[in-house]
file upload.pdb (PDB, C-alpha atoms, pLDDT in the B column)
ATOM      1  CA  ARG Z   1      42.903-208.740-105.388  1.00 32.00           C
ATOM      2  CA  ASP Z   2      44.682-205.407-105.886  1.00 34.00           C
ATOM      3  CA  PHE Z   3      43.493-203.414-108.881  1.00 33.00           C
ATOM      4  CA  CYS Z   4      46.555-201.813-110.454  1.00 35.00           C
ATOM      5  CA  LEU Z   5      46.657-198.887-112.866  1.00 38.00           C
ATOM      6  CA  SER Z   6      49.742-198.130-114.917  1.00 38.00           C
ATOM      7  CA  ARG Z   7      48.470-194.835-116.333  1.00 40.00           C
ATOM      8  CA  GLY Z   8      48.540-191.438-114.619  1.00 45.00           C
ATOM      9  CA  LEU Z   9      46.158-190.339-111.879  1.00 49.00           C
ATOM     10  CA  GLY Z  10      44.963-187.094-113.432  1.00 51.00           C
ATOM     11  CA  ASP Z  11      42.053-188.196-115.610  1.00 50.00           C
ATOM     12  CA  VAL Z  12      40.751-190.592-112.932  1.00 50.00           C
ATOM     13  CA  TYR Z  13      41.257-188.618-109.727  1.00 52.00           C
ATOM     14  CA  LYS Z  14      39.870-185.233-110.739  1.00 62.00           C
ATOM     15  CA  ARG Z  15      36.370-186.524-111.550  1.00 67.00           C
ATOM     16  CA  GLN Z  16      35.603-188.097-108.173  1.00 80.00           C
ATOM     17  CA  PRO Z  17      33.119-186.143-106.006  1.00 86.00           C
ATOM     18  CA  GLN Z  18      33.279-186.201-102.211  1.00 87.00           C
ATOM     19  CA  THR Z  19      30.078-186.811-100.266  1.00 92.00           C
ATOM     20  CA  SER Z  20      29.564-186.131 -96.571  1.00 92.00           C
ATOM     21  CA  ALA Z  21      26.678-185.806 -94.167  1.00 93.00           C
ATOM     22  CA  TYR Z  22      26.094-185.334 -90.443  1.00 92.00           C
ATOM     23  CA  VAL Z  23      22.815-185.645 -88.553  1.00 93.00           C
ATOM     24  CA  MET Z  24      22.250-184.714 -84.938  1.00 93.00           C
ATOM     25  CA  TYR Z  25      19.366-184.953 -82.497  1.00 95.00           C
ATOM     26  CA  GLN Z  26      19.245-182.296 -79.784  1.00 95.00           C
ATOM     27  CA  PHE Z  27      17.406-183.495 -76.691  1.00 96.00           C
ATOM     28  CA  LEU Z  28      17.588-180.302 -74.603  1.00 95.00           C
ATOM     29  CA  ASP Z  29      18.581-176.711 -75.503  1.00 94.00           C
ATOM     30  CA  GLU Z  30      19.387-176.096 -79.149  1.00 92.00           C
ATOM     31  CA  GLU Z  31      22.846-175.331 -80.496  1.00 88.00           C
ATOM     32  CA  SER Z  32      23.408-173.001 -83.436  1.00 84.00           C
ATOM     33  CA  ASN Z  33      24.402-174.664 -86.729  1.00 79.00           C
ATOM     34  CA  LEU Z  34      25.354-171.474 -88.600  1.00 79.00           C
ATOM     35  CA  THR Z  35      29.002-172.583 -88.675  1.00 78.00           C
ATOM     36  CA  PRO Z  36      30.553-176.057 -89.065  1.00 75.00           C
ATOM     37  CA  TYR Z  37      32.162-175.711 -85.639  1.00 79.00           C
ATOM     38  CA  MET Z  38      30.323-176.251 -82.372  1.00 83.00           C
ATOM     39  CA  THR Z  39      31.258-174.627 -79.100  1.00 84.00           C
ATOM     40  CA  GLY Z  40      33.094-176.733 -76.521  1.00 85.00           C
ATOM     41  CA  THR Z  41      31.274-175.247 -73.541  1.00 90.00           C
ATOM     42  CA  TYR Z  42      28.457-172.798 -72.885  1.00 92.00           C
ATOM     43  CA  LEU Z  43      29.921-171.764 -69.511  1.00 91.00           C
ATOM     44  CA  GLY Z  44      26.763-172.737 -67.677  1.00 91.00           C
ATOM     45  CA  LYS Z  45      24.434-170.716 -69.909  1.00 92.00           C
ATOM     46  CA  LYS Z  46      22.742-173.719 -71.559  1.00 94.00           C
ATOM     47  CA  LYS Z  47      21.795-177.318 -70.866  1.00 96.00           C
ATOM     48  CA  VAL Z  48      22.683-179.371 -73.934  1.00 96.00           C
ATOM     49  CA  PHE Z  49      22.619-183.083 -74.767  1.00 97.00           C
ATOM     50  CA  ASN Z  50      23.187-184.118 -78.380  1.00 96.00           C
ATOM     51  CA  ILE Z  51      23.842-187.384 -80.213  1.00 97.00           C
ATOM     52  CA  GLY Z  52      25.084-187.346 -83.786  1.00 95.00           C
ATOM     53  CA  ALA Z  53      26.409-189.500 -86.616  1.00 97.00           C
ATOM     54  CA  GLY Z  54      28.115-188.736 -89.895  1.00 95.00           C
ATOM     55  CA  PHE Z  55      30.202-190.017 -92.780  1.00 96.00           C
ATOM     56  CA  GLN Z  56      32.609-188.875 -95.485  1.00 93.00           C
ATOM     57  CA  TYR Z  57      33.129-190.774 -98.745  1.00 93.00           C
ATOM     58  CA  GLN Z  58      35.144-190.336-101.920  1.00 88.00           C
ATOM     59  CA  SER Z  59      36.010-193.022-104.452  1.00 86.00           C
ATOM     60  CA  ASN Z  60      39.589-193.165-105.740  1.00 81.00           C
ATOM     61  CA  ALA Z  61      40.607-190.572-103.168  1.00 77.00           C
ATOM     62  CA  MET Z  62      43.832-192.294-102.056  1.00 81.00           C
ATOM     63  CA  TRP Z  63      46.669-193.901-103.960  1.00 79.00           C
ATOM     64  CA  ARG Z  64      49.662-196.111-103.224  1.00 78.00           C
ATOM     65  CA  ASN Z  65      52.220-198.170-105.060  1.00 74.00           C
ATOM     66  CA  SER Z  66      51.630-201.860-105.629  1.00 69.00           C
ATOM     67  CA  TYR Z  67      53.704-204.243-103.496  1.00 65.00           C
ATOM     68  CA  ILE Z  68      54.163-206.427-106.554  1.00 62.00           C
ATOM     69  CA  ASN Z  69      55.231-203.746-109.010  1.00 60.00           C
ATOM     70  CA  THR Z  70      56.093-200.306-107.617  1.00 60.00           C
ATOM     71  CA  ARG Z  71      55.423-198.740-111.028  1.00 65.00           C
ATOM     72  CA  ASP Z  72      51.742-199.620-110.718  1.00 73.00           C
ATOM     73  CA  THR Z  73      49.451-197.225-108.881  1.00 77.00           C
ATOM     74  CA  ILE Z  74      46.545-198.527-106.800  1.00 80.00           C
ATOM     75  CA  LEU Z  75      43.615-196.206-106.173  1.00 83.00           C
ATOM     76  CA  GLU Z  76      41.483-196.710-103.058  1.00 84.00           C
ATOM     77  CA  GLN Z  77      38.363-195.131-101.637  1.00 85.00           C
ATOM     78  CA  MET Z  78      38.197-192.919 -98.579  1.00 88.00           C
ATOM     79  CA  PHE Z  79      35.330-193.838 -96.281  1.00 93.00           C
ATOM     80  CA  ASN Z  80      35.124-192.383 -92.768  1.00 95.00           C
ATOM     81  CA  TYR Z  81      32.169-192.625 -90.389  1.00 96.00           C
ATOM     82  CA  ALA Z  82      31.590-191.761 -86.747  1.00 97.00           C
ATOM     83  CA  ILE Z  83      29.130-191.305 -83.917  1.00 97.00           C
ATOM     84  CA  ASP Z  84      29.444-188.792 -81.090  1.00 97.00           C
ATOM     85  CA  ALA Z  85      27.687-187.386 -78.044  1.00 97.00           C
ATOM     86  CA  TYR Z  86      27.963-184.059 -76.237  1.00 96.00           C
ATOM     87  CA  TYR Z  87      26.698-182.970 -72.832  1.00 97.00           C
ATOM     88  CA  ASP Z  88      26.976-179.518 -71.276  1.00 97.00           C
ATOM     89  CA  ALA Z  89      25.027-178.320 -68.240  1.00 96.00           C
ATOM     90  CA  PRO Z  90      25.240-175.984 -65.249  1.00 96.00           C
ATOM     91  CA  ILE Z  91      25.860-177.402 -61.771  1.00 95.00           C
ATOM     92  CA  GLY Z  92      24.435-175.782 -58.659  1.00 88.00           C
ATOM     93  CA  THR Z  93      24.027-172.031 -58.175  1.00 86.00           C
ATOM     94  CA  LYS Z  94      27.635-170.786 -58.053  1.00 88.00           C
ATOM     95  CA  GLY Z  95      28.323-170.745 -61.802  1.00 88.00           C
ATOM     96  CA  MET Z  96      29.766-174.242 -62.102  1.00 95.00           C
ATOM     97  CA  ALA Z  97      29.221-176.364 -65.219  1.00 96.00           C
ATOM     98  CA  ILE Z  98      30.275-179.670 -66.697  1.00 97.00           C
ATOM     99  CA  SER Z  99      31.189-180.243 -70.363  1.00 96.00           C
ATOM    100  CA  ALA Z 100      31.768-183.690 -71.845  1.00 97.00           C
ATOM    101  CA  TYR Z 101      32.294-185.054 -75.350  1.00 97.00           C
ATOM    102  CA  VAL Z 102      32.900-188.605 -76.621  1.00 97.00           C
ATOM    103  CA  THR Z 103      33.259-190.009 -80.125  1.00 97.00           C
ATOM    104  CA  ALA Z 104      33.951-193.330 -81.838  1.00 97.00           C
ATOM    105  CA  MET Z 105      35.007-193.349 -85.479  1.00 97.00           C
ATOM    106  CA  HIS Z 106      36.277-195.563 -88.248  1.00 96.00           C
ATOM    107  CA  LEU Z 107      38.823-194.048 -90.640  1.00 94.00           C
ATOM    108  CA  GLY Z 108      39.269-195.683 -94.032  1.00 92.00           C
ATOM    109  CA  TYR Z 109      42.121-194.064 -95.973  1.00 91.00           C
ATOM    110  CA  GLY Z 110      43.373-197.161 -97.741  1.00 88.00           C
ATOM    111  CA  LYS Z 111      45.688-200.029 -96.843  1.00 87.00           C
ATOM    112  CA  ASN Z 112      48.021-199.285 -93.911  1.00 89.00           C
ATOM    113  CA  TYR Z 113      47.643-195.514 -94.190  1.00 90.00           C
ATOM    114  CA  ILE Z 114      49.156-193.644 -91.228  1.00 90.00           C
ATOM    115  CA  ARG Z 115      49.703-189.936 -90.635  1.00 90.00           C
ATOM    116  CA  ASN Z 116      51.784-188.132 -88.018  1.00 89.00           C
ATOM    117  CA  GLN Z 117      50.546-184.825 -86.665  1.00 87.00           C
ATOM    118  CA  GLY Z 118      51.923-182.366 -84.137  1.00 82.00           C
ATOM    119  CA  VAL Z 119      51.606-178.770 -83.031  1.00 80.00           C
ATOM    120  CA  MET Z 120      53.827-176.092 -84.575  1.00 76.00           C
ATOM    121  CA  ASN Z 121      57.328-176.490 -83.181  1.00 72.00           C
ATOM    122  CA  PRO Z 122      60.579-174.651 -84.010  1.00 68.00           C
ATOM    123  CA  ALA Z 123      62.568-177.814 -83.201  1.00 64.00           C
ATOM    124  CA  ASP Z 124      63.205-180.376 -85.925  1.00 61.00           C
ATOM    125  CA  GLY Z 125      65.336-182.931 -84.110  1.00 59.00           C
ATOM    126  CA  VAL Z 126      64.815-186.662 -83.837  1.00 59.00           C
ATOM    127  CA  LEU Z 127      65.435-188.950 -80.874  1.00 56.00           C
ATOM    128  CA  ALA Z 128      69.140-189.764 -80.773  1.00 53.00           C
ATOM    129  CA  GLY Z 129      70.018-193.400 -81.373  1.00 54.00           C
ATOM    130  CA  THR Z 130      66.442-194.474 -82.138  1.00 65.00           C
ATOM    131  CA  ALA Z 131      64.567-195.384 -85.300  1.00 80.00           C
ATOM    132  CA  THR Z 132      60.969-194.192 -85.095  1.00 84.00           C
ATOM    133  CA  ILE Z 133      58.045-193.579 -87.406  1.00 86.00           C
ATOM    134  CA  ASN Z 134      57.120-190.371 -85.552  1.00 84.00           C
ATOM    135  CA  GLY Z 135      59.375-188.188 -87.627  1.00 75.00           C
ATOM    136  CA  THR Z 136      60.874-184.959 -86.311  1.00 75.00           C
ATOM    137  CA  GLY Z 137      59.645-182.510 -83.708  1.00 79.00           C
ATOM    138  CA  ASN Z 138      56.790-183.640 -81.469  1.00 85.00           C
ATOM    139  CA  ALA Z 139      54.591-185.376 -84.052  1.00 87.00           C
ATOM    140  CA  PHE Z 140      53.067-188.805 -83.490  1.00 90.00           C
ATOM    141  CA  PRO Z 141      50.690-191.134 -85.404  1.00 91.00           C
ATOM    142  CA  MET Z 142      47.350-189.464 -84.697  1.00 91.00           C
ATOM    143  CA  MET Z 143      45.407-190.580 -87.777  1.00 90.00           C
ATOM    144  CA  GLY Z 144      45.292-193.671 -89.931  1.00 91.00           C
ATOM    145  CA  THR Z 145      43.182-196.460 -91.329  1.00 94.00           C
ATOM    146  CA  GLY Z 146      41.539-198.082 -88.326  1.00 95.00           C
ATOM    147  CA  ASN Z 147      39.390-197.100 -85.359  1.00 96.00           C
ATOM    148  CA  ILE Z 148      39.578-194.185 -82.909  1.00 96.00           C
ATOM    149  CA  VAL Z 149      37.827-193.595 -79.594  1.00 97.00           C
ATOM    150  CA  ALA Z 150      38.245-190.223 -77.890  1.00 97.00           C
ATOM    151  CA  GLY Z 151      36.732-188.476 -74.908  1.00 97.00           C
ATOM    152  CA  GLN Z 152      37.161-185.238 -72.999  1.00 97.00           C
ATOM    153  CA  VAL Z 153      35.572-183.703 -69.930  1.00 97.00           C
ATOM    154  CA  GLY Z 154      35.918-180.294 -68.305  1.00 97.00           C
ATOM    155  CA  LEU Z 155      34.615-178.832 -65.057  1.00 97.00           C
ATOM    156  CA  LEU Z 156      33.937-175.094 -64.844  1.00 96.00           C
ATOM    157  CA  LEU Z 157      34.770-174.011 -61.293  1.00 96.00           C
ATOM    158  CA  PRO Z 158      32.703-171.529 -59.220  1.00 94.00           C
ATOM    159  CA  LYS Z 159      32.929-167.834 -60.067  1.00 89.00           C
ATOM    160  CA  ASN Z 160      33.939-166.847 -56.538  1.00 88.00           C
ATOM    161  CA  ILE Z 161      37.325-168.624 -56.799  1.00 90.00           C
ATOM    162  CA  LEU Z 162      38.852-165.743 -58.771  1.00 89.00           C
ATOM    163  CA  GLY Z 163      36.205-163.135 -58.008  1.00 84.00           C
ATOM    164  CA  GLU Z 164      33.180-162.124 -60.060  1.00 79.00           C
ATOM    165  CA  LYS Z 165      35.190-159.870 -62.403  1.00 85.00           C
ATOM    166  CA  ASN Z 166      38.259-162.067 -62.940  1.00 90.00           C
ATOM    167  CA  GLY Z 167      36.784-164.898 -64.989  1.00 92.00           C
ATOM    168  CA  GLN Z 168      36.555-168.634 -64.312  1.00 94.00           C
ATOM    169  CA  LEU Z 169      38.844-171.647 -64.296  1.00 96.00           C
ATOM    170  CA  GLN Z 170      38.109-174.926 -66.065  1.00 97.00           C
ATOM    171  CA  PRO Z 171      40.351-177.977 -65.521  1.00 98.00           C
ATOM    172  CA  TYR Z 172      39.963-180.699 -68.155  1.00 97.00           C
ATOM    173  CA  VAL Z 173      41.294-184.077 -69.265  1.00 98.00           C
ATOM    174  CA  MET Z 174      41.269-185.804 -72.657  1.00 97.00           C
ATOM    175  CA  VAL Z 175      42.134-189.329 -73.836  1.00 97.00           C
ATOM    176  CA  LEU Z 176      42.515-190.550 -77.421  1.00 96.00           C
ATOM    177  CA  HIS Z 177      43.001-194.205 -78.386  1.00 97.00           C
ATOM    178  CA  GLY Z 178      43.777-195.252 -81.942  1.00 95.00           C
ATOM    179  CA  ASN Z 179      43.827-198.843 -83.186  1.00 95.00           C
ATOM    180  CA  PHE Z 180      45.478-198.414 -86.582  1.00 95.00           C
ATOM    181  CA  ASP Z 181      46.083-201.188 -89.116  1.00 92.00           C
ATOM    182  CA  ARG Z 182      49.677-200.042 -89.722  1.00 92.00           C
ATOM    183  CA  LEU Z 183      50.747-200.287 -86.068  1.00 92.00           C
ATOM    184  CA  GLN Z 184      51.267-203.456 -84.063  1.00 93.00           C
ATOM    185  CA  GLN Z 185      50.046-201.806 -80.863  1.00 92.00           C
ATOM    186  CA  GLY Z 186      47.315-199.370 -79.867  1.00 92.00           C
ATOM    187  CA  MET Z 187      48.106-195.658 -79.722  1.00 95.00           C
ATOM    188  CA  PHE Z 188      47.217-193.744 -76.533  1.00 95.00           C
ATOM    189  CA  GLN Z 189      47.430-189.969 -76.191  1.00 95.00           C
ATOM    190  CA  TYR Z 190      46.703-188.194 -72.891  1.00 96.00           C
ATOM    191  CA  ASP Z 191      46.029-184.500 -72.280  1.00 97.00           C
ATOM    192  CA  ALA Z 192      45.274-182.532 -69.137  1.00 98.00           C
ATOM    193  CA  GLY Z 193      45.085-178.811 -68.670  1.00 97.00           C
ATOM    194  CA  LEU Z 194      43.485-175.687 -67.311  1.00 97.00           C
ATOM    195  CA  ASN Z 195      41.441-173.038 -69.127  1.00 97.00           C
ATOM    196  CA  TRP Z 196      41.168-169.551 -67.693  1.00 96.00           C
ATOM    197  CA  TYR Z 197      38.181-167.783 -69.248  1.00 95.00           C
ATOM    198  CA  ILE Z 198      39.280-164.226 -68.554  1.00 93.00           C
ATOM    199  CA  SER Z 199      36.334-162.602 -70.273  1.00 89.00           C
ATOM    200  CA  GLY Z 200      34.001-165.408 -71.332  1.00 85.00           C
ATOM    201  CA  TYR Z 201      34.635-166.501 -74.920  1.00 83.00           C
ATOM    202  CA  ARG Z 202      36.373-163.233 -75.774  1.00 88.00           C
ATOM    203  CA  SER Z 203      39.711-164.116 -74.160  1.00 93.00           C
ATOM    204  CA  LYS Z 204      41.050-167.404 -72.834  1.00 94.00           C
ATOM    205  CA  LEU Z 205      44.395-168.589 -71.480  1.00 96.00           C
ATOM    206  CA  THR Z 206      45.135-172.336 -71.638  1.00 96.00           C
ATOM    207  CA  LEU Z 207      47.911-174.398 -70.097  1.00 97.00           C
ATOM    208  CA  ASN Z 208      47.971-177.912 -71.622  1.00 97.00           C
ATOM    209  CA  TYR Z 209      50.082-180.981 -70.831  1.00 97.00           C
ATOM    210  CA  GLN Z 210      50.258-183.759 -73.402  1.00 95.00           C
ATOM    211  CA  ASN Z 211      51.803-187.218 -73.169  1.00 95.00           C
ATOM    212  CA  ARG Z 212      52.356-188.954 -76.502  1.00 93.00           C
ATOM    213  CA  PRO Z 213      53.760-192.324 -77.699  1.00 93.00           C
ATOM    214  CA  ILE Z 214      56.922-192.982 -79.700  1.00 90.00           C
ATOM    215  CA  PHE Z 215      56.685-195.928 -82.107  1.00 91.00           C
ATOM    216  CA  SER Z 216      59.682-197.930 -83.264  1.00 89.00           C
ATOM    217  CA  SER Z 217      60.101-198.294 -87.021  1.00 86.00           C
ATOM    218  CA  THR Z 218      61.450-201.847 -86.598  1.00 87.00           C
ATOM    219  CA  ASP Z 219      58.523-203.581 -84.895  1.00 89.00           C
ATOM    220  CA  LEU Z 220      55.901-200.766 -85.100  1.00 91.00           C
ATOM    221  CA  LYS Z 221      55.303-200.940 -81.328  1.00 90.00           C
ATOM    222  CA  GLU Z 222      55.498-198.272 -78.662  1.00 88.00           C
ATOM    223  CA  SER Z 223      59.135-197.855 -77.596  1.00 88.00           C
ATOM    224  CA  ASP Z 224      58.925-194.714 -75.462  1.00 88.00           C
ATOM    225  CA  ARG Z 225      56.708-191.823 -74.378  1.00 91.00           C
ATOM    226  CA  LYS Z 226      57.416-188.088 -74.428  1.00 89.00           C
ATOM    227  CA  SER Z 227      55.638-185.074 -72.979  1.00 91.00           C
ATOM    228  CA  MET Z 228      54.882-181.531 -74.058  1.00 91.00           C
ATOM    229  CA  VAL Z 229      53.573-178.432 -72.277  1.00 93.00           C
ATOM    230  CA  VAL Z 230      51.900-175.633 -74.245  1.00 93.00           C
ATOM    231  CA  LEU Z 231      50.701-172.232 -73.045  1.00 95.00           C
ATOM    232  CA  GLN Z 232      48.345-170.436 -75.429  1.00 94.00           C
ATOM    233  CA  PHE Z 233      46.220-167.296 -75.408  1.00 94.00           C
ATOM    234  CA  GLN Z 234      43.118-166.959 -77.584  1.00 91.00           C
ATOM    235  CA  ILE Z 235      41.194-163.849 -78.488  1.00 90.00           C
ATOM    236  CA  ALA Z 236      37.794-163.869 -80.201  1.00 82.00           C
ATOM    237  CA  ILE Z 237      37.190-160.910 -82.521  1.00 76.00           C
TER     238      ILE Z 237
END
call {"tool": "encode", "arguments": {"input": "upload.pdb", "output": "C-alpha cells"}}
result
Amino acid sequence: RDFCLSRGLGDVYKRQPQTSAYVMYQFLDEESNLTPYMTGTYLGKKKVFNIGAGFQYQSNAMWRNSYINTRDTILEQMFNYAIDAYYDAPIGTKGMAISAYVTAMHLGYGKNYIRNQGVMNPADGVLAGTATINGTGNAFPMMGTGNIVAGQVGLLLPKNILGEKNGQLQPYVMVLHGNFDRLQQGMFQYDAGLNWYISGYRSKLTLNYQNRPIFSSTDLKESDRKSMVVLQFQIAI
C-alpha cells in the first residue's frame, strides 16, 4: 500500500545518494570516452558497432501527494534502465557513410509521472477551444513513467554532390514511441531533416521537421497532431 509521510521532505530527501552506471562493448573501432557525450557520426572516418546498457537509481527521489489525504507526502524511488546499440560505417569509395542508433528504456519516476518538453519558443499560446495536457508552446509528453523505444538513422551523401570543398549533406529520420502509464494511448514523435556539414564537425546547418501529438486532458488520448520546422546553425569551438 502507499507509504505516507506527514513530515517535511528535507531531512529525508537530502541524504539519498544517486547511483548510475553504463557499460559498453565496442566490437570494431574504438570511441573516445573522455566526455559523457558520444558523437552521432564519424563522417565515414571510422567503422563502429557498439552495444551498451546502463541504469540510474535513487531512493526517495520523487514525491507526490496521497490520493487519500493530500496533506500526506509519498516518496518514491527513481529507477531508470536502458539498452542501446550504435552503428556507424563508411559506404563505398565516394565518402558516403551510414549512422544508426536505437535504444529501449524503462523510466521509473513514480506513479503516473509525466513531463512535457519542447524546444525554446517565443510563443506561449494554447490550442483554442481545446483542453490538453501538452501545456503552452510546442511542448508534448516526451518523458514519463513507462517504456520508450527510439531509433534514428542518417545517410551521409557523396562528397561530389556539393563539391569537395563545400561539405556534405546528411538526410536523417528519427522515431520515438513512448508507452507511459499516465496516458491512455501510446505517444509517437516523428522527425526528419537534413544536416549540411559545411566544414566537418566545426560548422553544421540543420533543417529539422518534427510532428508531435496533442493529448486531450479529458480522456488522455491523442486528439490532434501538430508540426514544427526548425533551422539551426552549430559551431564547434
call {"tool": "resolve_selection", "arguments": {"input": "upload.pdb", "expression": "the PyMOL selection byres ((chain Z and resi 184) around 6)", "output": "PyMOL selection string"}}
result
chain Z and resi 183+185+220-221
call {"tool": "residues_around", "arguments": {"input": "upload.pdb", "residues": "Z:Asn33", "least_positions_apart": "6", "cutoff": "12 Å", "atoms": "only C-alpha atoms", "output": "list in words"}}
result
Tyr22, Val23, Met24, Gln26 and Thr39 of chain Z
call {"tool": "residues_near_point", "arguments": {"input": "upload.pdb", "point": "(48.1, -201.5, -87.6)", "cutoff": "9 Å", "atoms": "all atoms listed in the file", "output": "PyMOL selection string"}}
result
chain Z and resi 112-114+144-146+179-186+220
call {"tool": "closest_residue", "arguments": {"input": "upload.pdb", "among": "Z:Gln58, Z:Asn160, Z:Asn65, Z:Thr35", "to": "Z:Lys111", "atoms": "all atoms listed in the file"}}
result
Z:Asn65
call {"tool": "resolve_selection", "arguments": {"input": "upload.pdb", "expression": "the PyMOL selection byres ((chain Z and resi 164) around 12)", "output": "mmCIF file with C-alpha atoms, in the frame of the given file"}}
result
data_model
loop_
_atom_site.group_PDB
_atom_site.id
_atom_site.type_symbol
_atom_site.label_atom_id
_atom_site.label_comp_id
_atom_site.auth_asym_id
_atom_site.auth_seq_id
_atom_site.Cartn_x
_atom_site.Cartn_y
_atom_site.Cartn_z
ATOM 1 C CA LYS Z 94 27.635 -170.786 -58.053
ATOM 2 C CA GLY Z 95 28.323 -170.745 -61.802
ATOM 3 C CA PRO Z 158 32.703 -171.529 -59.220
ATOM 4 C CA LYS Z 159 32.929 -167.834 -60.067
ATOM 5 C CA ASN Z 160 33.939 -166.847 -56.538
ATOM 6 C CA ILE Z 161 37.325 -168.624 -56.799
ATOM 7 C CA LEU Z 162 38.852 -165.743 -58.771
ATOM 8 C CA GLY Z 163 36.205 -163.135 -58.008
ATOM 9 C CA LYS Z 165 35.190 -159.870 -62.403
ATOM 10 C CA ASN Z 166 38.259 -162.067 -62.940
ATOM 11 C CA GLY Z 167 36.784 -164.898 -64.989
ATOM 12 C CA GLN Z 168 36.555 -168.634 -64.312
ATOM 13 C CA LEU Z 169 38.844 -171.647 -64.296
ATOM 14 C CA TYR Z 197 38.181 -167.783 -69.248
ATOM 15 C CA ILE Z 198 39.280 -164.226 -68.554
ATOM 16 C CA SER Z 199 36.334 -162.602 -70.273
ATOM 17 C CA GLY Z 200 34.001 -165.408 -71.332
#
call {"tool": "atom_distance", "arguments": {"input": "upload.pdb", "atom1": "atom CA of Z:Met62", "atom2": "atom CA of Z:Ile74"}}
result
8.3 Å
call {"tool": "atom_distance", "arguments": {"input": "upload.pdb", "atom1": "atom CA of Z:Val149", "atom2": "atom CA of Z:Ala192"}}
result
16.9 Å
call {"tool": "resolve_selection", "arguments": {"input": "upload.pdb", "expression": "the PyMOL selection byres ((chain Z and resi 51) around 9)", "output": "ChimeraX atom specification"}}
result
/Z:23-27,49-50,52-53,83-86
call {"tool": "residues_around", "arguments": {"input": "upload.pdb", "residues": "Z:Met105", "least_positions_apart": "2", "cutoff": "6 Å", "atoms": "all atoms listed in the file", "output": "VMD selection string"}}
result
chain Z and resid 81 to 82 147 to 148
call {"tool": "residues_near_point", "arguments": {"input": "upload.pdb", "point": "(26.3, -177.1, -57.4)", "cutoff": "12 Å", "atoms": "only C-alpha atoms", "output": "PyMOL selection string"}}
result
chain Z and resi 44+89-98+155-159
call {"tool": "write_last_selection", "arguments": {"input": "upload.pdb", "atoms": "C-alpha atoms", "output": "CSV table (one decimal), in the coordinates of the input"}}
result
chain,number,residue,atom,x,y,z
Z,44,GLY,CA,26.8,-172.7,-67.7
Z,89,ALA,CA,25.0,-178.3,-68.2
Z,90,PRO,CA,25.2,-176.0,-65.2
Z,91,ILE,CA,25.9,-177.4,-61.8
Z,92,GLY,CA,24.4,-175.8,-58.7
Z,93,THR,CA,24.0,-172.0,-58.2
Z,94,LYS,CA,27.6,-170.8,-58.1
Z,95,GLY,CA,28.3,-170.7,-61.8
Z,96,MET,CA,29.8,-174.2,-62.1
Z,97,ALA,CA,29.2,-176.4,-65.2
Z,98,ILE,CA,30.3,-179.7,-66.7
Z,155,LEU,CA,34.6,-178.8,-65.1
Z,156,LEU,CA,33.9,-175.1,-64.8
Z,157,LEU,CA,34.8,-174.0,-61.3
Z,158,PRO,CA,32.7,-171.5,-59.2
Z,159,LYS,CA,32.9,-167.8,-60.1
call {"tool": "residues_around", "arguments": {"input": "upload.pdb", "residues": "Z:Leu231", "least_positions_apart": "6", "cutoff": "12 Å", "atoms": "all atoms listed in the file", "output": "short mmCIF file (atom, residue, chain, number, x, y, z; two decimals) with C-alpha atoms, keeping the file's coordinate frame"}}
result
data_model
loop_
_atom_site.label_atom_id
_atom_site.label_comp_id
_atom_site.auth_asym_id
_atom_site.auth_seq_id
_atom_site.Cartn_x
_atom_site.Cartn_y
_atom_site.Cartn_z
CA VAL Z 119 51.61 -178.77 -83.03
CA GLY Z 193 45.08 -178.81 -68.67
CA LEU Z 194 43.48 -175.69 -67.31
CA ASN Z 195 41.44 -173.04 -69.13
CA TRP Z 196 41.17 -169.55 -67.69
CA LYS Z 204 41.05 -167.40 -72.83
CA LEU Z 205 44.40 -168.59 -71.48
CA THR Z 206 45.14 -172.34 -71.64
CA LEU Z 207 47.91 -174.40 -70.10
CA ASN Z 208 47.97 -177.91 -71.62
CA TYR Z 209 50.08 -180.98 -70.83
CA GLN Z 210 50.26 -183.76 -73.40
#
call {"tool": "closest_residue", "arguments": {"input": "upload.pdb", "among": "Z:Ser99, Z:Gln232, Z:Gln16, Z:Gln77", "to": "Z:Lys46", "atoms": "all atoms listed in the file"}}
result
Z:Ser99
call {"tool": "axis_aligned_box", "arguments": {"input": "upload.pdb", "around": "stretch 107-115 of chain Z", "padding_each_side": "6 Å", "output": "JSON"}}
result
{"center_x": 44.3, "center_y": -195.0, "center_z": -94.2, "size_x": 22.9, "size_y": 22.1, "size_z": 19.1}
call {"tool": "residues_around", "arguments": {"input": "upload.pdb", "residues": "Z:Val48", "least_positions_apart": "5", "cutoff": "6 Å", "atoms": "only C-alpha atoms", "output": "PyMOL selection string"}}
result
chain Z and resi 28-29+87-88
call {"tool": "closest_residue", "arguments": {"input": "upload.pdb", "among": "Z:Asn134, Z:Ser216, Z:Ser59, Z:Thr103", "to": "Z:His177", "atoms": "only C-alpha atoms"}}
result
Z:Thr103
call {"tool": "residues_around", "arguments": {"input": "upload.pdb", "residues": "Z:Arg64", "least_positions_apart": "3", "cutoff": "9 Å", "atoms": "all atoms listed in the file", "output": "PyMOL selection string"}}
result
chain Z and resi 70+72-76+110-111
call {"tool": "atom_distance", "arguments": {"input": "upload.pdb", "atom1": "atom CA of Z:Met120", "atom2": "atom CA of Z:Gly135"}}
result
13.7 Å
